[in-house]
Structures are given as structure tokens and as C-alpha cells.
Amino acid sequence: MRLVSRLLFFLCLLMGLTWSCTQAVTIGSDFLDDQKSDLKFLDNFTMNFYTEKTDSVITYSPNVSYQLATYLVGNLNDPIFGHSSAGIFTQPQLPTSALDLKSSNNIDSVILQLRYDTLGLYGDITAEVTLEVFQLTETPDYTRNYYSNQRFDFGKKLGELKFVPHPKDSITVTYNEDTIKSAPHIRMPLDVSAFSDLLLQDSAVFTVQNKFQDYFHGIYIRMSGTENTMLGIALLNSLSGLTFYYDTPVEENHIFKLVFNTFRVNMVNFNHDYRGSPVGTALDLSSDNTNWYVQGMSGVRSYVTIDGLDQIPNAVINQAVLEFYASFPPGDDEVLFPPCNYLITQEQTDTTLNYDTDVRLALAVAQGNHLNPIFDLVFGGKRSDPIPGPPTVYKYEMKVTNKIKEIVAGNKENIIYFNPFSKADYPHRAVLLGPNNTIYAPRLRVTYTVL
């Protein structure tokens, strides 16, 4: 907290100094009383919004900075965004030698543990769901990038579990006369017979990761039994893993746990079907759309072009603030599908979308954490408290000063993309109100000083 307080102090000091240099002031007041800077304000720009599909997003990379924080599994049958699904492909890894497991007489049970990540919860979390686990029949290459449209072949089912999620309830496990209380997680028993030939493998399988991976390629986790539940899994959490309970010729009640970590492929496959939905209609550029749409996972994104920036004369742009609103059209369900917590602006590069300068600067000041209050102070993008309806309305406000400067200077294309922050980690979406809305139309406010 002390560090945050100091950062906030210096940031406010910097903003104060910047404002004092750019606001309307008397210049040389002792001898030029009639020469003053001229502070102006514009907000009558015309904004043209469009929604488009996202081809795919990276969900695994050997570069750890591109790896996911939350791994999603589930299905959503959204009245506005159509059908979406997410499934996890992952490679359990040997943390140490497993020769003691090889020497066992008997594998008592195999349990897949999956730690909940509440940031990924979406839809109906009270419904009974079924998780299914399958064994991969091919080995993903951990040295290359994988995108959300990638899939791997899988074969026999290792197990399934029907349950009602309890992502906030701790778990008590009793084993070998010890009782352990653990953080909320899913415990899925797998078919022990599916691992019957494991103990017959060469010793190298139990000591060399690549040999183990050649034998056990990995697992695929998917959800069935419900159409409106998405769960977030903290796959890389120490509580997650594949645990073997076994006996040895000498002793009983041993435990060996395969872990999930950043050194092997852990990725999510996303699928989106917009047919027959309002989003599907909006993707047709010839249609007359009153709303625009953004979605997490590998869902749709939107972009805006701005007419009227040439109204700004030769001037210093002090600040540019973009504000827009999210709500719920007829037929939507605001209880199941609340809008995104954070939205950010992006720009198109040769191969992908990257954060705009304003977002990158805010992250730098906030030490890479968009949940840091400093990020909200410098850039914004945070969903507001609800404005009571019906329907309920939420406001987003973003400081896009650098982006507008770059467009006006001709250094960047006149186009701003919008996406949820850390898109692949979250299932949330937002229906954003268009320029024709009589109360909550989007607006760009530019304050500038004429030179």
C-alpha cells in the first residue's frame, strides 16, 4: 500500500505539472497582457462503429508472457451472441522422478484436481454440469505457439464427473488418517484401469519428461450437460494436478502428483457460432445496426472510425476521453451475462492486435496490473457501477489522448479497436449502445489549446 500511495502521489504531481503547462495561462503577463493561450473543447465528432469476427487468439506460447492466467471450460447459449464453447488441452508433467510409483503394487485411485478461478465464472453457476476427460493420442509441441482454433486428437475417455460447481467452498479431504482442508477445487476420479499399463513401462518413462510425454500425451477436458455455464480453472495453481494414490511392496498410502506448469502445452480451444443471433446480423456490414459488440474468448471485436478530427486546428491536444455505454437489448439476460469488467483500445499490426499507446503507458505505470487503481486513473476502461433501468446501463470511459494525437498527426490509421482486457482469459461480453441512441450515445471529448 505504501508503494501504491507513493506512485499515486508522484502520478498526481506529474499530472499537475503537465496540466499547469498545457492549460490556458497568461503568457508574459507583465508585458503581453492581451496574448493568452486559448483552451477549446470539441465533442461533436461522428463515430462509425463496426463489429467483426476474431479469427483466433494465442492460448499457448513458450513465451510465458503470452500464456493464459485463466483456463476456461464450458458452454454458453447466449441469446445475443449465439453459442460459445471452451475446452482445455493440457500436458501433465513429472515434477520429480516417479520411480517409487513404478515400484507400486497397486494404484488405488487417480484424481484430477482443478482449482477454480472465480474470474472465469460466467452464466449459470448453480446448474449441474458434467466434466469429461479424454486421453490425447498426439503430443503437442511445447516449443511453438498454439491458437484458440487449434485442436488435438484424443481417444479413450478417462473419466467424467457430474456436479454442481461450488467455486467458493473449501474442500476437506481425508487420506491416510490425515484431514486436509483445501481451497475450492474440483476433484474428479479417473478410471484406474485406463492406467493399467503405466506400471509396465520402462524406467525412463518415470524419470525423463519427454519419455513420459511420448507415453502419456496429455488430456482434453470438456463440459457437457449444460448450455449456460462457463468455469474458470487456475490450471497452473499448485493445487491443480493429476494425483496417483498407490501402495508399494513395503508401505501403503503413497501419493504422487503430476503437475501443470508453464514448460508444457496448456491451451484452450474456443468455438463461436453466431448463426441466427443479433451478433450474426451485425457482422453483415450492410445491415442497419443500432448496437455494437465485444466478447471475450475468441469472440467478436468492434472498431470505430472518427469523422471530424480535422476540426481541430493547429493545437496542443490536452486530453481526449472516449465514453460509451453497455446495456441489454430485448431478450437479453443481465443476470447471467453481465458486461465485461474492463475494455481496452487496440491497434492493428501486420499479424495481430496490440494495445494502444495509452494502454501500454497505463500498464507501465501500474506495474503491469490492470486491477491496480493507477491503471484506472491513467487509462480507465473499467465498467462503472450500474445505472438503474430497466434495462440496466453501464458506462465505460477511456483516456485516449495519445491515440487521438497519433491519428491527428497522421502517424496512425483512423481506426480504434475495442476488446475485453486479456481477451482469452475471460468469457464476458458487452452490448454497446450505438450513436443513434438518444440518451446514451457514445461520445469523444477533446480538449485542446490553440497555438
# chains A, B, ... in the order shown; residues from 1 in each chain; ligands from 1

call {"tool": "residues_around", "arguments": {"residues": "range 187-195 of chain A", "least_positions_apart": "3", "cutoff": "10 Å", "atoms": "only C-alpha atoms", "output": "mmCIF file with N, CA and C atoms, in the first residue's frame"}}
result
data_model
loop_
_atom_site.group_PDB
_atom_site.id
_atom_site.type_symbol
_atom_site.label_atom_id
_atom_site.label_comp_id
_atom_site.auth_asym_id
_atom_site.auth_seq_id
_atom_site.Cartn_x
_atom_site.Cartn_y
_atom_site.Cartn_z
ATOM 1 N N ASN A 106 0.017 -51.517 -6.494
ATOM 2 C CA ASN A 106 -1.362 -51.254 -6.863
ATOM 3 C C ASN A 106 -1.629 -49.760 -6.861
ATOM 4 N N ILE A 107 -2.296 -49.261 -7.930
ATOM 5 C CA ILE A 107 -2.779 -47.876 -7.946
ATOM 6 C C ILE A 107 -4.199 -47.889 -7.413
ATOM 7 N N ASP A 108 -4.374 -47.266 -6.246
ATOM 8 C CA ASP A 108 -5.693 -47.271 -5.617
ATOM 9 C C ASP A 108 -6.680 -46.372 -6.363
ATOM 10 N N SER A 109 -6.216 -45.170 -6.727
ATOM 11 C CA SER A 109 -7.095 -44.226 -7.407
ATOM 12 C C SER A 109 -6.267 -43.162 -8.112
ATOM 13 N N VAL A 110 -6.896 -42.523 -9.087
ATOM 14 C CA VAL A 110 -6.282 -41.407 -9.809
ATOM 15 C C VAL A 110 -7.294 -40.258 -9.789
ATOM 16 N N ILE A 111 -6.874 -39.101 -9.281
ATOM 17 C CA ILE A 111 -7.772 -37.960 -9.115
ATOM 18 C C ILE A 111 -7.235 -36.767 -9.905
ATOM 19 N N LEU A 112 -8.084 -36.210 -10.760
ATOM 20 C CA LEU A 112 -7.757 -34.956 -11.434
ATOM 21 C C LEU A 112 -8.263 -33.812 -10.567
ATOM 22 N N GLN A 113 -7.350 -32.936 -10.133
ATOM 23 C CA GLN A 113 -7.701 -31.781 -9.312
ATOM 24 C C GLN A 113 -7.613 -30.515 -10.155
ATOM 25 N N LEU A 114 -8.669 -29.699 -10.093
ATOM 26 C CA LEU A 114 -8.733 -28.459 -10.866
ATOM 27 C C LEU A 114 -9.164 -27.331 -9.946
ATOM 28 N N ARG A 115 -8.250 -26.413 -9.687
ATOM 29 C CA ARG A 115 -8.529 -25.269 -8.812
ATOM 30 C C ARG A 115 -9.426 -24.275 -9.550
ATOM 31 N N LEU A 131 -18.246 -32.756 -16.399
ATOM 32 C CA LEU A 131 -16.915 -32.637 -16.992
ATOM 33 C C LEU A 131 -16.466 -33.999 -17.485
ATOM 34 N N GLU A 132 -15.929 -34.029 -18.695
ATOM 35 C CA GLU A 132 -15.404 -35.254 -19.296
ATOM 36 C C GLU A 132 -13.919 -35.071 -19.574
ATOM 37 N N VAL A 133 -13.152 -36.129 -19.359
ATOM 38 C CA VAL A 133 -11.705 -36.093 -19.571
ATOM 39 C C VAL A 133 -11.319 -37.214 -20.526
ATOM 40 N N PHE A 134 -10.552 -36.867 -21.556
ATOM 41 C CA PHE A 134 -10.104 -37.828 -22.555
ATOM 42 C C PHE A 134 -8.575 -37.802 -22.641
ATOM 43 N N GLN A 135 -8.009 -38.916 -23.054
ATOM 44 C CA GLN A 135 -6.563 -39.004 -23.225
ATOM 45 C C GLN A 135 -6.186 -38.615 -24.654
ATOM 46 N N LYS A 156 -9.577 -42.523 -25.781
ATOM 47 C CA LYS A 156 -10.429 -43.090 -24.741
ATOM 48 C C LYS A 156 -10.754 -42.084 -23.640
ATOM 49 N N LYS A 157 -11.967 -42.252 -23.110
ATOM 50 C CA LYS A 157 -12.395 -41.409 -22.001
ATOM 51 C C LYS A 157 -11.767 -41.928 -20.718
ATOM 52 N N LEU A 158 -11.169 -41.017 -19.964
ATOM 53 C CA LEU A 158 -10.542 -41.374 -18.698
ATOM 54 C C LEU A 158 -11.495 -41.224 -17.526
ATOM 55 N N GLY A 159 -12.541 -40.451 -17.691
ATOM 56 C CA GLY A 159 -13.494 -40.277 -16.605
ATOM 57 C C GLY A 159 -14.446 -39.137 -16.873
ATOM 58 N N GLU A 160 -15.490 -39.067 -16.062
ATOM 59 C CA GLU A 160 -16.436 -37.954 -16.101
ATOM 60 C C GLU A 160 -17.001 -37.735 -14.710
ATOM 61 N N LEU A 161 -17.464 -36.519 -14.466
ATOM 62 C CA LEU A 161 -17.991 -36.173 -13.151
ATOM 63 C C LEU A 161 -19.176 -35.240 -13.321
ATOM 64 N N LYS A 162 -20.311 -35.610 -12.705
ATOM 65 C CA LYS A 162 -21.479 -34.736 -12.655
ATOM 66 C C LYS A 162 -21.487 -34.040 -11.300
ATOM 67 N N PHE A 163 -21.656 -32.736 -11.316
ATOM 68 C CA PHE A 163 -21.616 -31.991 -10.061
ATOM 69 C C PHE A 163 -22.203 -30.593 -10.268
ATOM 70 N N ILE A 171 -12.652 -27.455 0.336
ATOM 71 C CA ILE A 171 -12.788 -28.900 0.233
ATOM 72 C C ILE A 171 -12.011 -29.550 1.376
ATOM 73 N N VAL A 173 -10.421 -33.124 2.581
ATOM 74 C CA VAL A 173 -10.021 -34.438 2.084
ATOM 75 C C VAL A 173 -9.377 -35.216 3.225
ATOM 76 N N PRO A 184 -11.111 -24.034 -2.715
ATOM 77 C CA PRO A 184 -12.140 -24.600 -3.605
ATOM 78 C C PRO A 184 -11.531 -25.197 -4.876
ATOM 79 N N LEU A 198 0.598 -48.484 -17.115
ATOM 80 C CA LEU A 198 1.592 -47.484 -16.724
ATOM 81 C C LEU A 198 2.749 -48.121 -15.969
ATOM 82 N N LEU A 199 2.438 -49.022 -15.046
ATOM 83 C CA LEU A 199 3.485 -49.615 -14.206
ATOM 84 C C LEU A 199 4.375 -50.572 -14.985
ATOM 85 N N LEU A 200 3.978 -50.912 -16.220
ATOM 86 C CA LEU A 200 4.774 -51.835 -17.046
ATOM 87 C C LEU A 200 5.784 -51.111 -17.923
ATOM 88 N N PHE A 216 2.356 -40.745 -22.302
ATOM 89 C CA PHE A 216 1.096 -40.115 -21.909
ATOM 90 C C PHE A 216 1.072 -38.718 -22.518
ATOM 91 N N SER A 240 -3.846 -27.651 -8.530
ATOM 92 C CA SER A 240 -4.257 -28.412 -9.713
ATOM 93 C C SER A 240 -3.214 -29.475 -10.034
ATOM 94 N N GLY A 241 -3.659 -30.587 -10.578
ATOM 95 C CA GLY A 241 -2.720 -31.638 -10.960
ATOM 96 C C GLY A 241 -3.425 -32.977 -11.116
ATOM 97 N N LEU A 242 -2.657 -33.990 -11.471
ATOM 98 C CA LEU A 242 -3.153 -35.355 -11.647
ATOM 99 C C LEU A 242 -2.484 -36.207 -10.577
ATOM 100 N N THR A 243 -3.251 -36.650 -9.587
ATOM 101 C CA THR A 243 -2.698 -37.288 -8.392
ATOM 102 C C THR A 243 -2.958 -38.791 -8.399
ATOM 103 N N PHE A 244 -1.885 -39.561 -8.165
ATOM 104 C CA PHE A 244 -1.967 -41.017 -8.057
ATOM 105 C C PHE A 244 -1.851 -41.409 -6.575
#

call {"tool": "atom_distance", "arguments": {"atom1": "CA of Gly380 in chain A", "atom2": "CA of Tyr293 in chain A"}}
result
19.0 Å

call {"tool": "select_by_dssp", "arguments": {"residues": "range 27-257 of chain A", "states": "alpha helix (DSSP H)", "output": "PDB file with N, CA and C atoms, in the first residue's frame"}}
result
ATOM      1  N   LEU A  99       9.915 -43.036  -9.865  1.00  0.00           N
ATOM      2  CA  LEU A  99      10.304 -44.444  -9.769  1.00  0.00           C
ATOM      3  C   LEU A  99       9.588 -45.141  -8.613  1.00  0.00           C
ATOM      4  N   ASP A 100       9.274 -44.391  -7.555  1.00  0.00           N
ATOM      5  CA  ASP A 100       8.534 -45.002  -6.454  1.00  0.00           C
ATOM      6  C   ASP A 100       7.155 -45.449  -6.923  1.00  0.00           C
ATOM      7  N   LEU A 101       6.531 -44.652  -7.808  1.00  0.00           N
ATOM      8  CA  LEU A 101       5.241 -45.048  -8.376  1.00  0.00           C
ATOM      9  C   LEU A 101       5.384 -46.303  -9.214  1.00  0.00           C
ATOM     10  N   LYS A 102       6.474 -46.392  -9.984  1.00  0.00           N
ATOM     11  CA  LYS A 102       6.691 -47.571 -10.822  1.00  0.00           C
ATOM     12  C   LYS A 102       6.799 -48.841  -9.973  1.00  0.00           C
ATOM     13  N   GLN A 209      11.080 -36.439 -18.831  1.00  0.00           N
ATOM     14  CA  GLN A 209       9.803 -35.835 -19.207  1.00  0.00           C
ATOM     15  C   GLN A 209       9.399 -36.177 -20.634  1.00  0.00           C
ATOM     16  N   ASN A 210      10.310 -36.073 -21.581  1.00  0.00           N
ATOM     17  CA  ASN A 210       9.964 -36.360 -22.979  1.00  0.00           C
ATOM     18  C   ASN A 210       9.521 -37.806 -23.154  1.00  0.00           C
ATOM     19  N   LYS A 211      10.154 -38.720 -22.428  1.00  0.00           N
ATOM     20  CA  LYS A 211       9.750 -40.135 -22.497  1.00  0.00           C
ATOM     21  C   LYS A 211       8.357 -40.310 -21.908  1.00  0.00           C
ATOM     22  N   PHE A 212       8.104 -39.634 -20.798  1.00  0.00           N
ATOM     23  CA  PHE A 212       6.778 -39.708 -20.206  1.00  0.00           C
ATOM     24  C   PHE A 212       5.730 -39.129 -21.153  1.00  0.00           C
ATOM     25  N   GLN A 213       6.077 -38.011 -21.836  1.00  0.00           N
ATOM     26  CA  GLN A 213       5.137 -37.381 -22.752  1.00  0.00           C
ATOM     27  C   GLN A 213       4.877 -38.260 -23.966  1.00  0.00           C
ATOM     28  N   ASP A 214       5.871 -39.014 -24.396  1.00  0.00           N
ATOM     29  CA  ASP A 214       5.658 -39.939 -25.508  1.00  0.00           C
ATOM     30  C   ASP A 214       4.672 -41.039 -25.130  1.00  0.00           C
ATOM     31  N   TYR A 215       4.684 -41.395 -23.841  1.00  0.00           N
ATOM     32  CA  TYR A 215       3.751 -42.428 -23.381  1.00  0.00           C
ATOM     33  C   TYR A 215       2.373 -41.834 -23.079  1.00  0.00           C
TER      34      TYR A 215
END

call {"tool": "residues_around", "arguments": {"residues": "Cys340 in chain A", "least_positions_apart": "5", "cutoff": "10 Å", "atoms": "only C-alpha atoms", "output": "PDB file with N, CA and C atoms, in the first residue's frame"}}
result
ATOM      1  N   VAL A 294     -18.676  -6.629 -28.282  1.00  0.00           N
ATOM      2  CA  VAL A 294     -17.348  -7.162 -27.974  1.00  0.00           C
ATOM      3  C   VAL A 294     -17.538  -8.389 -27.088  1.00  0.00           C
ATOM      4  N   GLN A 295     -16.585  -9.311 -27.173  1.00  0.00           N
ATOM      5  CA  GLN A 295     -16.714 -10.580 -26.455  1.00  0.00           C
ATOM      6  C   GLN A 295     -15.335 -11.134 -26.122  1.00  0.00           C
ATOM      7  N   GLY A 296     -15.242 -11.764 -24.957  1.00  0.00           N
ATOM      8  CA  GLY A 296     -14.013 -12.430 -24.569  1.00  0.00           C
ATOM      9  C   GLY A 296     -13.819 -13.731 -25.331  1.00  0.00           C
ATOM     10  N   ALA A 326     -22.857   0.323 -22.126  1.00  0.00           N
ATOM     11  CA  ALA A 326     -23.310  -1.045 -22.382  1.00  0.00           C
ATOM     12  C   ALA A 326     -24.663  -1.254 -21.733  1.00  0.00           C
ATOM     13  N   GLY A 381     -11.305   2.478 -18.705  1.00  0.00           N
ATOM     14  CA  GLY A 381     -11.803   1.245 -19.302  1.00  0.00           C
ATOM     15  C   GLY A 381     -12.558   0.354 -18.346  1.00  0.00           C
ATOM     16  N   LYS A 382     -12.682   0.776 -17.090  1.00  0.00           N
ATOM     17  CA  LYS A 382     -13.359  -0.042 -16.085  1.00  0.00           C
ATOM     18  C   LYS A 382     -14.864   0.180 -16.149  1.00  0.00           C
ATOM     19  N   ARG A 383     -15.601  -0.919 -16.071  1.00  0.00           N
ATOM     20  CA  ARG A 383     -17.064  -0.821 -16.067  1.00  0.00           C
ATOM     21  C   ARG A 383     -17.536  -0.052 -14.832  1.00  0.00           C
ATOM     22  N   TYR A 394     -24.405   0.462 -18.136  1.00  0.00           N
ATOM     23  CA  TYR A 394     -23.065   0.631 -17.561  1.00  0.00           C
ATOM     24  C   TYR A 394     -22.261   1.570 -18.456  1.00  0.00           C
ATOM     25  N   TYR A 396     -18.468   3.068 -19.739  1.00  0.00           N
ATOM     26  CA  TYR A 396     -17.022   2.907 -19.867  1.00  0.00           C
ATOM     27  C   TYR A 396     -16.426   4.247 -20.284  1.00  0.00           C
ATOM     28  N   ASN A 419     -11.640  -4.360 -27.330  1.00  0.00           N
ATOM     29  CA  ASN A 419     -11.693  -5.743 -26.881  1.00  0.00           C
ATOM     30  C   ASN A 419     -11.728  -5.769 -25.360  1.00  0.00           C
ATOM     31  N   PRO A 420     -12.185  -6.869 -24.784  1.00  0.00           N
ATOM     32  CA  PRO A 420     -12.003  -7.033 -23.341  1.00  0.00           C
ATOM     33  C   PRO A 420     -10.512  -7.123 -23.016  1.00  0.00           C
ATOM     34  N   PHE A 421     -10.135  -6.649 -21.842  1.00  0.00           N
ATOM     35  CA  PHE A 421      -8.754  -6.789 -21.417  1.00  0.00           C
ATOM     36  C   PHE A 421      -8.444  -8.274 -21.248  1.00  0.00           C
ATOM     37  N   LYS A 423      -8.279 -10.775 -23.379  1.00  0.00           N
ATOM     38  CA  LYS A 423      -9.458 -11.350 -24.026  1.00  0.00           C
ATOM     39  C   LYS A 423      -9.629 -12.854 -23.808  1.00  0.00           C
ATOM     40  N   TYR A 426     -11.152 -14.404 -20.319  1.00  0.00           N
ATOM     41  CA  TYR A 426     -12.464 -14.099 -19.761  1.00  0.00           C
ATOM     42  C   TYR A 426     -13.577 -14.413 -20.763  1.00  0.00           C
ATOM     43  N   PRO A 427     -14.731 -14.904 -20.273  1.00  0.00           N
ATOM     44  CA  PRO A 427     -15.862 -15.216 -21.159  1.00  0.00           C
ATOM     45  C   PRO A 427     -16.859 -14.077 -21.307  1.00  0.00           C
ATOM     46  N   HIS A 428     -16.652 -12.952 -20.606  1.00  0.00           N
ATOM     47  CA  HIS A 428     -17.639 -11.875 -20.596  1.00  0.00           C
ATOM     48  C   HIS A 428     -17.807 -11.237 -21.976  1.00  0.00           C
ATOM     49  N   ARG A 429     -18.908 -10.561 -22.138  1.00  0.00           N
ATOM     50  CA  ARG A 429     -19.196  -9.836 -23.383  1.00  0.00           C
ATOM     51  C   ARG A 429     -19.909  -8.550 -23.061  1.00  0.00           C
ATOM     52  N   ALA A 430     -20.129  -7.705 -24.066  1.00  0.00           N
ATOM     53  CA  ALA A 430     -20.847  -6.455 -23.837  1.00  0.00           C
ATOM     54  C   ALA A 430     -21.579  -6.042 -25.095  1.00  0.00           C
ATOM     55  N   VAL A 431     -22.819  -5.599 -24.910  1.00  0.00           N
ATOM     56  CA  VAL A 431     -23.605  -4.978 -25.973  1.00  0.00           C
ATOM     57  C   VAL A 431     -23.480  -3.466 -25.777  1.00  0.00           C
TER      58      VAL A 431
END

call {"tool": "residues_around", "arguments": {"residues": "range 64-69 of chain A", "least_positions_apart": "4", "cutoff": "9 Å", "atoms": "only C-alpha atoms", "output": "PyMOL selection string"}}
result
chain A and resi 58-60+233-236+262-263+266-268+422+424-425

call {"tool": "write_last_selection", "arguments": {"atoms": "N, CA and C atoms", "output": "PDB file, in the first residue's frame"}}
result
ATOM      1  N   ILE A  58      -3.994 -16.273 -29.327  1.00  0.00           N
ATOM      2  CA  ILE A  58      -2.992 -17.184 -28.773  1.00  0.00           C
ATOM      3  C   ILE A  58      -3.457 -17.684 -27.412  1.00  0.00           C
ATOM      4  N   THR A  59      -3.459 -19.006 -27.219  1.00  0.00           N
ATOM      5  CA  THR A  59      -3.781 -19.550 -25.900  1.00  0.00           C
ATOM      6  C   THR A  59      -2.639 -20.388 -25.328  1.00  0.00           C
ATOM      7  N   TYR A  60      -1.562 -20.569 -26.095  1.00  0.00           N
ATOM      8  CA  TYR A  60      -0.314 -21.124 -25.537  1.00  0.00           C
ATOM      9  C   TYR A  60       0.859 -20.591 -26.335  1.00  0.00           C
ATOM     10  N   ILE A 233     -10.635 -22.104 -14.637  1.00  0.00           N
ATOM     11  CA  ILE A 233      -9.744 -23.051 -13.950  1.00  0.00           C
ATOM     12  C   ILE A 233      -8.361 -22.425 -13.815  1.00  0.00           C
ATOM     13  N   ALA A 234      -7.848 -22.408 -12.597  1.00  0.00           N
ATOM     14  CA  ALA A 234      -6.477 -21.956 -12.354  1.00  0.00           C
ATOM     15  C   ALA A 234      -5.561 -23.173 -12.541  1.00  0.00           C
ATOM     16  N   LEU A 235      -5.329 -23.497 -13.800  1.00  0.00           N
ATOM     17  CA  LEU A 235      -4.636 -24.744 -14.128  1.00  0.00           C
ATOM     18  C   LEU A 235      -3.211 -24.772 -13.584  1.00  0.00           C
ATOM     19  N   LEU A 236      -2.548 -23.628 -13.561  1.00  0.00           N
ATOM     20  CA  LEU A 236      -1.153 -23.578 -13.130  1.00  0.00           C
ATOM     21  C   LEU A 236      -1.010 -23.388 -11.622  1.00  0.00           C
ATOM     22  N   THR A 262       4.285 -24.064 -16.777  1.00  0.00           N
ATOM     23  CA  THR A 262       4.493 -23.256 -17.987  1.00  0.00           C
ATOM     24  C   THR A 262       5.424 -23.914 -18.997  1.00  0.00           C
ATOM     25  N   PHE A 263       6.033 -25.039 -18.641  1.00  0.00           N
ATOM     26  CA  PHE A 263       7.020 -25.659 -19.532  1.00  0.00           C
ATOM     27  C   PHE A 263       6.407 -26.634 -20.529  1.00  0.00           C
ATOM     28  N   ASN A 266      -0.368 -25.964 -22.304  1.00  0.00           N
ATOM     29  CA  ASN A 266      -1.679 -25.831 -21.659  1.00  0.00           C
ATOM     30  C   ASN A 266      -2.428 -24.777 -22.463  1.00  0.00           C
ATOM     31  N   MET A 267      -3.487 -25.165 -23.115  1.00  0.00           N
ATOM     32  CA  MET A 267      -4.169 -24.230 -24.010  1.00  0.00           C
ATOM     33  C   MET A 267      -5.669 -24.472 -23.985  1.00  0.00           C
ATOM     34  N   VAL A 268      -6.402 -23.508 -24.539  1.00  0.00           N
ATOM     35  CA  VAL A 268      -7.861 -23.597 -24.612  1.00  0.00           C
ATOM     36  C   VAL A 268      -8.290 -23.478 -26.066  1.00  0.00           C
ATOM     37  N   SER A 422      -7.238  -8.692 -21.715  1.00  0.00           N
ATOM     38  CA  SER A 422      -6.806 -10.092 -21.620  1.00  0.00           C
ATOM     39  C   SER A 422      -7.908 -11.005 -22.151  1.00  0.00           C
ATOM     40  N   ALA A 424      -8.550 -13.634 -23.987  1.00  0.00           N
ATOM     41  CA  ALA A 424      -8.663 -15.090 -23.938  1.00  0.00           C
ATOM     42  C   ALA A 424      -8.888 -15.635 -22.533  1.00  0.00           C
ATOM     43  N   ASP A 425      -8.713 -14.793 -21.515  1.00  0.00           N
ATOM     44  CA  ASP A 425      -8.871 -15.248 -20.135  1.00  0.00           C
ATOM     45  C   ASP A 425     -10.296 -15.144 -19.614  1.00  0.00           C
TER      46      ASP A 425
END

call {"tool": "atom_distance", "arguments": {"atom1": "CA of Arg443 in chain A", "atom2": "CA of Asp38 in chain A"}}
result
22.7 Å

call {"tool": "closest_residue", "arguments": {"among": "A:Glu227, A:Phe89, A:Leu121, A:Ile317", "to": "Glu406 in chain A", "atoms": "only C-alpha atoms"}}
result
A:Ile317

call {"tool": "closest_residue", "arguments": {"among": "A:Ile186, A:Leu322, A:Ala98, A:Leu444", "to": "Leu231 in chain A", "atoms": "only C-alpha atoms"}}
result
A:Ile186

call {"tool": "residues_around", "arguments": {"residues": "Thr447 in chain A", "least_positions_apart": "6", "cutoff": "6 Å", "atoms": "only C-alpha atoms", "output": "count of residues only"}}
result
4

call {"tool": "atom_distance", "arguments": {"atom1": "CA of Ile125 in chain A", "atom2": "CA of Lys395 in chain A"}}
result
25.8 Å

call {"tool": "closest_residue", "arguments": {"among": "A:Phe81, A:Phe375, A:Tyr116, A:Phe256", "to": "Tyr274 in chain A", "atoms": "only C-alpha atoms"}}
result
A:Phe81

call {"tool": "residues_around", "arguments": {"residues": "Gln311 in chain A", "least_positions_apart": "4", "cutoff": "12 Å", "atoms": "only C-alpha atoms", "output": "PyMOL selection string"}}
result
chain A and resi 40-46+306-307+315+408+446+448+450

call {"tool": "write_last_selection", "arguments": {"atoms": "N, CA and C atoms", "output": "short mmCIF file (atom, residue, chain, number, x, y, z; two decimals), in the first residue's frame"}}
result
data_model
loop_
_atom_site.label_atom_id
_atom_site.label_comp_id
_atom_site.auth_asym_id
_atom_site.auth_seq_id
_atom_site.Cartn_x
_atom_site.Cartn_y
_atom_site.Cartn_z
N LYS A 40 -9.82 25.14 -25.83
CA LYS A 40 -11.03 24.83 -26.58
C LYS A 40 -11.50 23.41 -26.27
N PHE A 41 -12.74 23.15 -26.68
CA PHE A 41 -13.37 21.85 -26.38
C PHE A 41 -14.24 21.44 -27.56
N LEU A 42 -14.12 20.18 -27.97
CA LEU A 42 -14.95 19.64 -29.06
C LEU A 42 -15.50 18.28 -28.64
N ASP A 43 -16.78 18.05 -28.98
CA ASP A 43 -17.35 16.71 -28.75
C ASP A 43 -18.40 16.36 -29.80
N ASN A 44 -18.36 17.05 -30.94
CA ASN A 44 -19.37 16.85 -31.98
C ASN A 44 -18.85 15.98 -33.13
N PHE A 45 -18.01 15.02 -32.81
CA PHE A 45 -17.45 14.12 -33.83
C PHE A 45 -18.48 13.07 -34.22
N THR A 46 -18.39 12.61 -35.44
CA THR A 46 -19.23 11.50 -35.90
C THR A 46 -18.42 10.21 -35.79
N ILE A 306 -13.50 7.79 -36.85
CA ILE A 306 -13.98 9.07 -36.33
C ILE A 306 -13.91 10.13 -37.42
N ASP A 307 -15.05 10.71 -37.73
CA ASP A 307 -15.11 11.83 -38.67
C ASP A 307 -15.10 13.14 -37.89
N ALA A 315 -2.92 22.83 -32.82
CA ALA A 315 -3.17 22.96 -31.39
C ALA A 315 -2.43 21.86 -30.63
N VAL A 408 -4.43 12.38 -35.49
CA VAL A 408 -4.42 13.75 -36.00
C VAL A 408 -3.11 14.08 -36.69
N VAL A 446 -12.66 16.08 -26.74
CA VAL A 446 -11.27 16.50 -26.94
C VAL A 446 -11.10 17.92 -26.41
N TYR A 448 -8.30 20.97 -26.14
CA TYR A 448 -7.04 21.34 -26.79
C TYR A 448 -6.73 22.83 -26.58
N VAL A 450 -5.15 26.07 -28.53
CA VAL A 450 -4.75 26.62 -29.82
C VAL A 450 -3.36 27.26 -29.71
#

call {"tool": "residues_around", "arguments": {"residues": "Gly280 in chain A", "least_positions_apart": "4", "cutoff": "9 Å", "atoms": "only C-alpha atoms", "output": "short mmCIF file (atom, residue, chain, number, x, y, z; two decimals) with C-alpha atoms, in the first residue's frame"}}
result
data_model
loop_
_atom_site.label_atom_id
_atom_site.label_comp_id
_atom_site.auth_asym_id
_atom_site.auth_seq_id
_atom_site.Cartn_x
_atom_site.Cartn_y
_atom_site.Cartn_z
CA ILE A 80 -27.42 -12.19 -28.24
CA PHE A 81 -24.02 -13.79 -29.00
CA GLY A 82 -25.10 -17.29 -30.04
CA ASP A 273 -21.40 -19.90 -33.67
CA TYR A 274 -23.29 -16.64 -34.32
CA ARG A 275 -25.86 -18.03 -36.76
CA GLY A 276 -29.35 -16.68 -36.09
CA ASP A 284 -23.24 -8.16 -42.06
#

call {"tool": "select_by_dssp", "arguments": {"residues": "range 233-296 of chain A", "states": "strand (DSSP E)", "output": "PyMOL selection string"}}
result
chain A and resi 233+241-247+254-258+266-273+291-295

call {"tool": "decode", "arguments": {"residues": "range 96-118 of chain A", "atoms": "C-alpha atoms", "output": "short mmCIF file (atom, residue, chain, number, x, y, z; two decimals), in the first residue's frame"}}
result
data_model
loop_
_atom_site.label_atom_id
_atom_site.label_comp_id
_atom_site.auth_asym_id
_atom_site.auth_seq_id
_atom_site.Cartn_x
_atom_site.Cartn_y
_atom_site.Cartn_z
CA THR A 96 10.43 -35.25 -9.94
CA SER A 97 11.35 -38.88 -10.52
CA ALA A 98 8.35 -41.22 -10.27
CA LEU A 99 10.30 -44.44 -9.77
CA ASP A 100 8.53 -45.00 -6.45
CA LEU A 101 5.24 -45.05 -8.38
CA LYS A 102 6.69 -47.57 -10.82
CA SER A 103 7.56 -49.88 -7.94
CA SER A 104 3.99 -49.85 -6.63
CA ASN A 105 1.89 -52.97 -6.25
CA ASN A 106 -1.36 -51.25 -6.86
CA ILE A 107 -2.78 -47.88 -7.95
CA ASP A 108 -5.69 -47.27 -5.62
CA SER A 109 -7.10 -44.23 -7.41
CA VAL A 110 -6.28 -41.41 -9.81
CA ILE A 111 -7.77 -37.96 -9.11
CA LEU A 112 -7.76 -34.96 -11.43
CA GLN A 113 -7.70 -31.78 -9.31
CA LEU A 114 -8.73 -28.46 -10.87
CA ARG A 115 -8.53 -25.27 -8.81
CA TYR A 116 -11.36 -22.82 -9.50
CA ASP A 117 -10.58 -19.34 -10.80
CA THR A 118 -13.57 -17.16 -9.95
#
